[in-house]
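Participant: Here it is, the structure in full.
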Amino acid sequence: MTGYIIRRLLLAVPVLLGVSILVFAIIRFIPGDPARAIAGVHATPQYIEQVRKELLLDEGLHIQYYVYVSNLLRGDLGRSTFTRRPVITELRERFPNTVLLALTSMVIATVLGMGAGIISASKRNSVFDNVSMVISLVGVAAPVFWLGVMLQLFFSVQLGWLPSGGMGGIETFVLPATTLGLATAALIARITRSSMLEVLRQDFITTARAKGLSERVVIFKHALKSAFIPVITVMGLQFGGLLGGAVLTETVFSWPGIGRLMVNSILTRDYPVVQGTVLLLAVMFVLINIVVDITYAFLDPRINFATREGE
Amino acid sequence: MSSKLQVADKTVNIKDTEFQQVLRHLRRNRMAMAGAAILVLFLLGAIFAPLLTSFDPARPDFGNAFQKPSATHIFGTDELGRDVFARILYGSQISLLIGLISVSIGLILGVPVGALSGYYGGKLDLIVQRLIDIMIAFPGILLAIVIVTMLGTGVENVMIATGIASIPTYTRLVRGSVLAIKELRFVAAAKVLGISDLKIIVRHILPNCMGPIVVQSTFQVATAILWAAGLGFLGLGAQPPDPEWGAMLSKGREFIRTAHHLTTFPGLAILLMVLGFNLLGDGLRDALDPKSRKFR
C-alpha cells in the first residue's frame, strides 16, 4: 500500500512539470511582446525593460522556463499588473473561499444525490423514482451558470429570501453551493440508484431478507456498504469537476474565489494572475485525484496494486 | 418484453445486421426517441431558420426593445429590440456547428493517437499517456479556457479550444478498447497472415471500437455545447452580435430584474439541446451494450 502511494505520487511529478510548462507557455503563445503582457498594458517602457531583464526574456526558452520554475518553487508567481501585489498573496486570499464553496456543494450534492438514489432504488418504478430520475437528467443537462441565474431570479429577485451574490454569512452559501452541487447531485443519484439495484439483486441480500431482517436494515446495513464504492469514485471525480464549475458559479454569484479571479484576470489581460490561478486549479485537481485514487484503492481490496501502476 | 417478442427477436436476429439491431433497440427506447426528436427539431430549426422567422437576428430595432413575450415576438425582444426567438433559432446553428466541429477535431486527433498508443505500447504509449495526463490535469472547462486565452475569443477559436479539450477523452477510450481487442484471436490471425499493422488497426481493430466511440461522441457534442456556452457566458467565447446562447444569457443577466425572458429562453435552449444529446447517448449505449440493459 505504501509502495502504491509513493508510486502514485511519483507519477504526478511529470504531470505537474507538464502543467507548469503549459502555464509558462500561456504568455509566450499570445501574440505580442511577453514582457509587455507581464508588465501590463499601462506599464512604462522602463518597467517593461525591467521585467524583460528579470525574466531573462532575451535568453532562450529553456533558460526562461528555468527561471520561471525556480521562482515558482520559491513561491514567487510574479505580480498582478493591476494591483501590483504579489500573485501568491492574491491566490492565498481567494483560495479558501473556493475550497469552502466546493466543500459545501459536495455536502449538498452527496446528501441530495445519495438520498434520492437510495429511495429510488428501494422504491423502483414508483412516482418518486421516475420524478427524481427526470430531475437528475435535467440537472445534468442544465448549464450551471443558467441554473445559478434562475435560482438568483427566483430566490433573490422575486422572493427576496437570499442574497444574490457576495460572500458572508451562511445564507450567502446557499445559492452558489446548491447551483454548483446540483449537477453532481444528479450524477450521484443516478450512480447510487444503479449501484444499489445491482447489489439488491445479489444472493447475500436475498439471504438477509430470508433471515427476516427488516428492509431498513437490509438497505442501510448490507446493500449500502457494497453499493458505496462506485458512488465514492464518482464523488471523487466530481469533486475535481466542481473546480471547473466553480469558475462559472463564482462568476454568477460574484464569489471572491480563484475561478472569478481567473476570469477577471483573463478579461483584463492580467496574465501573471491568469497563470497563477490556472496553475493553482490544475495542481489542486491533480492532488485531489491522487487522494481519490488512494482512497479507492484503500476501500476496494480487490484492486491489485501491482497492476495499477501502468494505468 | 413478452415471450412472443423474444421469439420474433431471435428469428429476425439471424438476418439482421448489427446496425439494424441497434436501430431497433434504439427505436424501442422511449427516452432515446425523445432525445432524437428534440435534436431533429433543433436541426430543422437551424436549417430552416430564415423560413421560420422573418426577424433579423442581428439588426437592432430600438423602438421595440424589451418587449415581453407576445404573439409577434413569442420569446420577447432584447435590449436592442431584436427578436429573441429568431436569435435562438440562428443560435442553434452556432451551437450545432460548435458541437460538430469540436467533436470532429477530437475524433481526428484523439482516435489515431489512442489507437497507435494502445496498439504499439512501449515508449510511444508512455509518452502519449503522460501528455494526456497533463491535459486532463485541467478540470472540465478549464483546458478550453486556457486555450481560448492563448488563441483569443470568437466562435472559431471556441471550436478549436473545445475540440482540443476533448482529445484526451477519445485517446483514453480508444486506447482502452484497442488494448482489449488486440489480444483477441482474430488479430493474432491477421498478424500471422502478414497483414500490415496499419491495416490491422484500420480494418480489424477500429471497427470493433466503433460502439463506444459513437456513444462517447454523442455525449461529447453535449459537453462541447455546454463548454462553448460557458465560454460565451464568461465573455471568452462568441462575441456580439453573434446570437450565441451563452453570450445572450450573459448579456440578458444585466436586465434580470425587468426582462428575465432574456436569460430564461437561451438557457432553456442550451438545456434542451444538451438533454437531447444525453438521452440519445444513453439510448445508444444501451442499444450497443447489451449488459447495460438489464437494470433499466
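By order in the C-alpha cells, chains are A, B, ...; within a chain, residues start at 1; ligands start at 1, following the order shown.
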Set the cut-off to 8 Å and count only C-alpha atoms: what are the residues of chain A that reach chain B? Output as a ChimeraX atom specification.
Facilitator: /A:14-16,18-19,26-27,29-30,137-138,141-143,145-146,149-150,153,157,194,197-198,240-241,243-245,248,251,263,266-267,278,281-283,285-286
Participant: Go ahead and save the picked residues with N, CA and C atoms, as an mmCIF file, in the first residue's frame.
Facilitator:
```cif
data_model
loop_
_atom_site.group_PDB
_atom_site.id
_atom_site.type_symbol
_atom_site.label_atom_id
_atom_site.label_comp_id
_atom_site.auth_asym_id
_atom_site.auth_seq_id
_atom_site.Cartn_x
_atom_site.Cartn_y
_atom_site.Cartn_z
ATOM 1 N N PRO A 14 5.817 14.192 -13.285
ATOM 2 C CA PRO A 14 5.848 14.637 -14.691
ATOM 3 C C PRO A 14 4.599 15.425 -15.088
ATOM 4 N N VAL A 15 3.466 15.059 -14.508
ATOM 5 C CA VAL A 15 2.226 15.782 -14.826
ATOM 6 C C VAL A 15 2.339 17.234 -14.375
ATOM 7 N N LEU A 16 2.814 17.420 -13.137
ATOM 8 C CA LEU A 16 2.938 18.782 -12.620
ATOM 9 C C LEU A 16 3.969 19.579 -13.431
ATOM 10 N N GLY A 18 4.581 19.120 -16.594
ATOM 11 C CA GLY A 18 3.886 19.433 -17.839
ATOM 12 C C GLY A 18 2.932 20.599 -17.658
ATOM 13 N N VAL A 19 2.206 20.589 -16.539
ATOM 14 C CA VAL A 19 1.278 21.681 -16.256
ATOM 15 C C VAL A 19 2.043 22.999 -16.175
ATOM 16 N N ILE A 26 1.535 30.023 -21.716
ATOM 17 C CA ILE A 26 0.385 30.920 -21.968
ATOM 18 C C ILE A 26 0.866 32.275 -22.466
ATOM 19 N N ILE A 27 1.812 32.867 -21.748
ATOM 20 C CA ILE A 27 2.268 34.214 -22.093
ATOM 21 C C ILE A 27 3.086 34.215 -23.380
ATOM 22 N N PHE A 29 2.627 32.309 -25.864
ATOM 23 C CA PHE A 29 1.770 31.980 -27.003
ATOM 24 C C PHE A 29 0.955 33.163 -27.505
ATOM 25 N N ILE A 30 0.519 34.015 -26.579
ATOM 26 C CA ILE A 30 -0.335 35.125 -27.006
ATOM 27 C C ILE A 30 0.483 36.048 -27.904
ATOM 28 N N LEU A 137 -31.834 13.897 -14.858
ATOM 29 C CA LEU A 137 -31.484 14.072 -16.281
ATOM 30 C C LEU A 137 -31.375 15.552 -16.624
ATOM 31 N N VAL A 138 -32.364 16.312 -16.152
ATOM 32 C CA VAL A 138 -32.375 17.751 -16.423
ATOM 33 C C VAL A 138 -31.214 18.424 -15.688
ATOM 34 N N ALA A 141 -28.085 18.182 -17.589
ATOM 35 C CA ALA A 141 -28.086 18.903 -18.860
ATOM 36 C C ALA A 141 -28.096 20.420 -18.685
ATOM 37 N N ALA A 142 -28.582 20.894 -17.530
ATOM 38 C CA ALA A 142 -28.718 22.347 -17.357
ATOM 39 C C ALA A 142 -27.352 22.989 -17.192
ATOM 40 N N PRO A 143 -27.067 24.061 -17.953
ATOM 41 C CA PRO A 143 -25.797 24.754 -17.762
ATOM 42 C C PRO A 143 -25.748 25.373 -16.366
ATOM 43 N N PHE A 145 -24.270 27.868 -15.082
ATOM 44 C CA PHE A 145 -24.424 29.324 -14.938
ATOM 45 C C PHE A 145 -25.871 29.749 -15.105
ATOM 46 N N TRP A 146 -26.612 29.043 -15.938
ATOM 47 C CA TRP A 146 -28.030 29.367 -16.115
ATOM 48 C C TRP A 146 -28.816 28.988 -14.857
ATOM 49 N N VAL A 149 -28.332 31.621 -12.342
ATOM 50 C CA VAL A 149 -29.089 32.834 -12.624
ATOM 51 C C VAL A 149 -30.571 32.618 -12.311
ATOM 52 N N MET A 150 -31.091 31.420 -12.627
ATOM 53 C CA MET A 150 -32.504 31.139 -12.362
ATOM 54 C C MET A 150 -32.783 31.102 -10.849
ATOM 55 N N LEU A 153 -32.811 34.576 -9.691
ATOM 56 C CA LEU A 153 -34.049 35.236 -10.111
ATOM 57 C C LEU A 153 -35.182 34.892 -9.146
ATOM 58 N N VAL A 157 -34.378 37.798 -6.433
ATOM 59 C CA VAL A 157 -35.108 38.903 -7.051
ATOM 60 C C VAL A 157 -36.595 38.836 -6.714
ATOM 61 N N SER A 194 -28.321 2.958 -9.599
ATOM 62 C CA SER A 194 -27.989 1.761 -10.373
ATOM 63 C C SER A 194 -27.087 0.823 -9.572
ATOM 64 N N LEU A 197 -29.322 -0.995 -7.130
ATOM 65 C CA LEU A 197 -30.143 -2.006 -7.815
ATOM 66 C C LEU A 197 -29.320 -3.257 -8.092
ATOM 67 N N GLU A 198 -28.057 -3.021 -8.497
ATOM 68 C CA GLU A 198 -27.195 -4.148 -8.791
ATOM 69 C C GLU A 198 -26.965 -4.979 -7.543
ATOM 70 N N GLY A 240 -13.240 17.131 -8.306
ATOM 71 C CA GLY A 240 -12.348 17.864 -9.193
ATOM 72 C C GLY A 240 -13.147 18.670 -10.201
ATOM 73 N N GLY A 241 -14.207 18.027 -10.736
ATOM 74 C CA GLY A 241 -15.049 18.704 -11.717
ATOM 75 C C GLY A 241 -15.695 19.960 -11.151
ATOM 76 N N LEU A 243 -14.330 22.103 -9.420
ATOM 77 C CA LEU A 243 -13.406 23.229 -9.594
ATOM 78 C C LEU A 243 -13.664 23.918 -10.922
ATOM 79 N N GLY A 244 -13.913 23.110 -11.978
ATOM 80 C CA GLY A 244 -14.240 23.697 -13.270
ATOM 81 C C GLY A 244 -15.548 24.470 -13.196
ATOM 82 N N GLY A 245 -16.549 23.859 -12.539
ATOM 83 C CA GLY A 245 -17.850 24.512 -12.394
ATOM 84 C C GLY A 245 -17.754 25.769 -11.545
ATOM 85 N N LEU A 248 -17.477 29.118 -13.295
ATOM 86 C CA LEU A 248 -18.734 29.712 -13.767
ATOM 87 C C LEU A 248 -19.595 30.180 -12.596
ATOM 88 N N THR A 251 -18.479 33.314 -10.957
ATOM 89 C CA THR A 251 -18.762 34.488 -11.779
ATOM 90 C C THR A 251 -20.218 34.926 -11.618
ATOM 91 N N VAL A 263 -11.164 34.455 -14.303
ATOM 92 C CA VAL A 263 -11.932 35.034 -15.408
ATOM 93 C C VAL A 263 -11.678 36.537 -15.517
ATOM 94 N N ILE A 266 -8.304 37.178 -16.978
ATOM 95 C CA ILE A 266 -8.243 36.928 -18.428
ATOM 96 C C ILE A 266 -8.837 38.125 -19.167
ATOM 97 N N LEU A 267 -9.996 38.593 -18.673
ATOM 98 C CA LEU A 267 -10.683 39.695 -19.357
ATOM 99 C C LEU A 267 -9.874 40.989 -19.294
ATOM 100 N N VAL A 278 -4.595 29.464 -12.979
ATOM 101 C CA VAL A 278 -4.659 28.224 -13.751
ATOM 102 C C VAL A 278 -3.797 27.156 -13.085
ATOM 103 N N LEU A 281 -5.449 25.856 -9.820
ATOM 104 C CA LEU A 281 -6.596 24.971 -10.058
ATOM 105 C C LEU A 281 -6.129 23.601 -10.555
ATOM 106 N N ALA A 282 -5.142 23.591 -11.464
ATOM 107 C CA ALA A 282 -4.667 22.315 -12.006
ATOM 108 C C ALA A 282 -3.966 21.493 -10.925
ATOM 109 N N VAL A 283 -3.126 22.145 -10.128
ATOM 110 C CA VAL A 283 -2.418 21.419 -9.067
ATOM 111 C C VAL A 283 -3.412 20.841 -8.062
ATOM 112 N N PHE A 285 -6.453 19.984 -8.652
ATOM 113 C CA PHE A 285 -7.160 18.881 -9.309
ATOM 114 C C PHE A 285 -6.311 17.614 -9.292
ATOM 115 N N VAL A 286 -5.012 17.761 -9.603
ATOM 116 C CA VAL A 286 -4.108 16.609 -9.608
ATOM 117 C C VAL A 286 -4.037 15.997 -8.211
#
```
Participant: Quick one: residues within 12 Å of A:Leu9, only C-alpha atoms counted, chain neighbours fewer than 2 positions away excluded, as a PyMOL selection string?
Facilitator: chain A and resi 2-7+11-16+286-291+293-294+309
Participant: Give me the residues near B:Ile47 as JSON, numbers by chain, where near means some atom within 12 Å (using only C-alpha atoms) and where sequence neighbours in that chain fewer than 5 positions away do not count.
Facilitator: {"B": [40, 41, 42, 52, 53, 89, 90, 91, 92, 93, 94, 96, 97]}
Participant: For the selection just defined, write its residues with N, CA and C atoms to a file, as a CSV table (one decimal), in the first residue's frame.
Facilitator:
```
chain,number,residue,atom,x,y,z
B,40,VAL,N,-33.9,16.5,-33.7
B,40,VAL,CA,-34.4,16.8,-35.1
B,40,VAL,C,-35.1,18.1,-35.2
B,41,LEU,N,-35.8,18.5,-34.1
B,41,LEU,CA,-36.5,19.8,-34.1
B,41,LEU,C,-35.4,20.9,-34.2
B,42,PHE,N,-34.3,20.8,-33.4
B,42,PHE,CA,-33.3,21.8,-33.4
B,42,PHE,C,-32.6,21.9,-34.8
B,52,LEU,N,-38.5,30.2,-40.8
B,52,LEU,CA,-39.4,30.1,-39.6
B,52,LEU,C,-39.6,31.4,-39.0
B,53,THR,N,-38.7,32.4,-39.2
B,53,THR,CA,-38.9,33.7,-38.7
B,53,THR,C,-38.5,34.8,-39.7
B,89,LEU,N,-33.1,30.6,-32.7
B,89,LEU,CA,-33.1,29.8,-33.9
B,89,LEU,C,-31.7,29.8,-34.6
B,90,TYR,N,-31.3,31.1,-34.9
B,90,TYR,CA,-30.0,31.2,-35.5
B,90,TYR,C,-28.8,30.7,-34.6
B,91,GLY,N,-29.1,30.9,-33.3
B,91,GLY,CA,-28.1,30.4,-32.3
B,91,GLY,C,-27.9,28.9,-32.4
B,92,SER,N,-29.0,28.2,-32.7
B,92,SER,CA,-28.9,26.7,-32.8
B,92,SER,C,-27.9,26.3,-33.9
B,93,GLN,N,-27.8,27.2,-34.9
B,93,GLN,CA,-26.8,26.9,-36.0
B,93,GLN,C,-25.4,26.9,-35.4
B,94,ILE,N,-25.2,28.0,-34.6
B,94,ILE,CA,-23.8,28.1,-34.0
B,94,ILE,C,-23.6,26.9,-33.0
B,96,LEU,N,-24.9,23.9,-32.8
B,96,LEU,CA,-24.7,22.6,-33.5
B,96,LEU,C,-23.4,22.5,-34.2
B,97,LEU,N,-23.0,23.6,-34.9
B,97,LEU,CA,-21.8,23.7,-35.6
B,97,LEU,C,-20.6,23.5,-34.6
```
Participant: Need the shell around stretch 176-182 of chain A: protein/DNA/RNA residues with any atom at most 7 Å away, counting only C-alpha atoms. Skip same-chain ones fewer than 3 positions apart. Format as a list of chain:residue names?
Facilitator: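 Final neighbour list, sorted by chain and number: A:Leu101, A:Thr104, A:Ser105, A:Met106, A:Ile108, A:Ala109, A:Gly139, A:Val144, A:Leu147, A:Gly148, A:Phe173, A:Ala185, A:Ala186, A:Leu242, A:Gly245, A:Ala246, A:Thr249, A:Phe253.
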Participant: I want to know what sits within 9 Å of B:Leu100, based on only C-alpha atoms, with residues of the same chain fewer than 5 positions away left out; could you give that as a list in words?
Facilitator: Ser95, Ile105, Met159, Val221 and Ala224 of chain B
Participant: Any idea what's packed within 9 Å of B:Val128, counting only C-alpha atoms, ignoring anything in its chain fewer than 6 positions away? Could you give it as number ranges by chain?
Facilitator: B: 113-114, 117, 171
